[in-house]
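Q: Before I ask anything, here is the structure I am working with.
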Amino acid sequence: MSRVCDLTGKRAMVGNNVSHAMNKTKRKFSVNLVKKRFYLPEEDRWITLRVAASTVKTINKNGIAAVLKKAQAQGFIK
């Protein structure tokens, strides 16, 4: 299973480890994914999503309905 946020599509980024001598080796910046259940009062059901920690903060701020609507408009969910 790939490490991609279900709502925002965030995925791993690549970069460099840089030593004191300025040697560069490739590295990966992983996404901080958490498996979280959310309650949808409109549908009276729970859904489980793998979302980034930053997305959980956005859901707490804007509400799950607004974030789901935006994710659907951007094409991350159907």
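Simple scheme: letters A, B, ... for chains in structure tokens order, numbers from 1 for residues in each chain, numbers from 1 for ligands in the order shown.
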From the DSSP assignment of the backbone, select every residue of chain A that is strand (DSSP E or B), and format the answer as a list in words.
A: Met13, Val14, Gly15, Asn16, Asn17, Val18, Lys24, Thr25, Lys26, Arg27, Lys28, Phe29, Leu33, Val34, Lys35, Lys36, Arg37, Phe38, Tyr39, Leu40, Arg45, Trp46, Ile47, Thr48, Leu49, Arg50, Val51 and Ala52 of chain A
Q: Of the residues A:Val18, A:Ala65, A:Ile47, A:Ala52, which is the one nearest to Arg3 in chain A, using only C-alpha atoms?
A: A:Ala52
Q: Applying 9 Å and only C-alpha atoms, which residues near Val31 in chain A remain after dropping the ones on its own chain fewer than 5 positions away? List them as a PyMOL selection string.
A: chain A and resi 3-5+10-13+52-53
Q: Could you write out that same residue set with all heavy atoms as a compact mmCIF listing (two decimals), in the first residue's frame?
A:
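Output saved as result.txt:
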```txt
# COMPACT_ATOMS: atom_id res chain seq x y z
N ARG A 3 2.11 5.09 0.48
CA ARG A 3 1.91 6.05 1.56
C ARG A 3 1.45 7.39 0.97
O ARG A 3 2.25 8.30 0.75
CB ARG A 3 3.21 6.21 2.36
CG ARG A 3 3.60 4.91 3.06
CD ARG A 3 4.73 5.07 4.03
NE ARG A 3 4.53 6.10 5.03
CZ ARG A 3 3.84 5.94 6.17
NH1 ARG A 3 3.25 4.81 6.41
NH2 ARG A 3 3.73 6.93 7.02
N VAL A 4 0.14 7.47 0.71
CA VAL A 4 -0.46 8.65 0.12
C VAL A 4 -1.68 9.04 0.97
O VAL A 4 -2.47 8.18 1.36
CB VAL A 4 -0.89 8.39 -1.34
CG1 VAL A 4 -1.55 9.61 -1.94
CG2 VAL A 4 0.29 7.97 -2.18
N CYS A 5 -1.83 10.32 1.23
CA CYS A 5 -2.99 10.82 1.98
C CYS A 5 -4.25 10.65 1.13
O CYS A 5 -4.26 10.99 -0.06
CB CYS A 5 -2.78 12.28 2.34
SG CYS A 5 -4.16 13.03 3.22
N LYS A 10 -1.13 13.97 -0.68
CA LYS A 10 0.27 14.18 -0.30
C LYS A 10 1.00 12.85 -0.34
O LYS A 10 0.46 11.83 0.06
CB LYS A 10 0.36 14.75 1.12
CG LYS A 10 -0.03 16.19 1.22
CD LYS A 10 0.26 16.70 2.61
CE LYS A 10 -0.04 18.18 2.69
NZ LYS A 10 0.40 18.73 3.97
N ARG A 11 2.23 12.88 -0.86
CA ARG A 11 3.04 11.67 -0.94
C ARG A 11 4.47 12.01 -0.61
O ARG A 11 4.78 13.17 -0.37
CB ARG A 11 2.92 11.02 -2.31
CG ARG A 11 3.27 11.90 -3.48
CD ARG A 11 3.08 11.22 -4.83
NE ARG A 11 1.70 10.83 -5.06
CZ ARG A 11 1.33 9.58 -5.38
NH1 ARG A 11 2.21 8.64 -5.53
NH2 ARG A 11 0.07 9.29 -5.58
N ALA A 12 5.33 10.99 -0.57
CA ALA A 12 6.72 11.20 -0.18
C ALA A 12 7.43 12.13 -1.16
O ALA A 12 7.15 12.12 -2.36
CB ALA A 12 7.45 9.87 -0.11
N MET A 13 8.33 12.93 -0.62
CA MET A 13 9.17 13.81 -1.43
C MET A 13 10.60 13.29 -1.35
O MET A 13 10.95 12.58 -0.41
CB MET A 13 9.13 15.24 -0.90
CG MET A 13 7.78 15.90 -0.99
SD MET A 13 7.77 17.52 -0.20
CE MET A 13 9.03 18.36 -1.11
N ALA A 52 -2.85 12.54 6.30
CA ALA A 52 -1.67 13.16 6.88
C ALA A 52 -2.07 13.90 8.15
O ALA A 52 -3.22 14.33 8.31
CB ALA A 52 -1.03 14.12 5.89
N ALA A 53 -1.13 14.04 9.08
CA ALA A 53 -1.40 14.74 10.33
C ALA A 53 -1.82 16.18 10.06
O ALA A 53 -2.68 16.73 10.76
CB ALA A 53 -0.18 14.69 11.24
```
Q: Tell me which of A:Val51, A:Ile59, A:Trp46, A:Lys24 sits closest to Phe76 in chain A, counting only C-alpha atoms.
A: A:Val51
Q: Which residue is closest to Ala66 in chain A? Choose from A:Asn17, A:Lys35, A:Ser2, A:Glu42 and count only C-alpha atoms.
A: A:Glu42
Q: May I ask which of the residues A:Asn16, A:Thr8, A:Thr48, A:Ser30 is the closest one to Ala71 in chain A, counting only C-alpha atoms?
A: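 Nearest to Ala71 in chain A: A:Thr8.
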Q: Separation of CA of Asn32 in chain A and CA of Thr55 in chain A, in Å?
A: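 For CA of Asn32 in chain A relative to CA of Thr55 in chain A, the distance reads 9.9 Å.
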Q: Can you tell me how far CA of Asp44 in chain A sits from CA of Lys57 in chain A, in Å to one decimal?
A: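 Rounded to one decimal, the two atoms are 22.2 Å apart.
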Q: Between CA of Val34 in chain A and CA of Lys69 in chain A, what is the spacing in Å?
A: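 Pair CA of Lys69 in chain A / CA of Val34 in chain A returns 20.4 Å.
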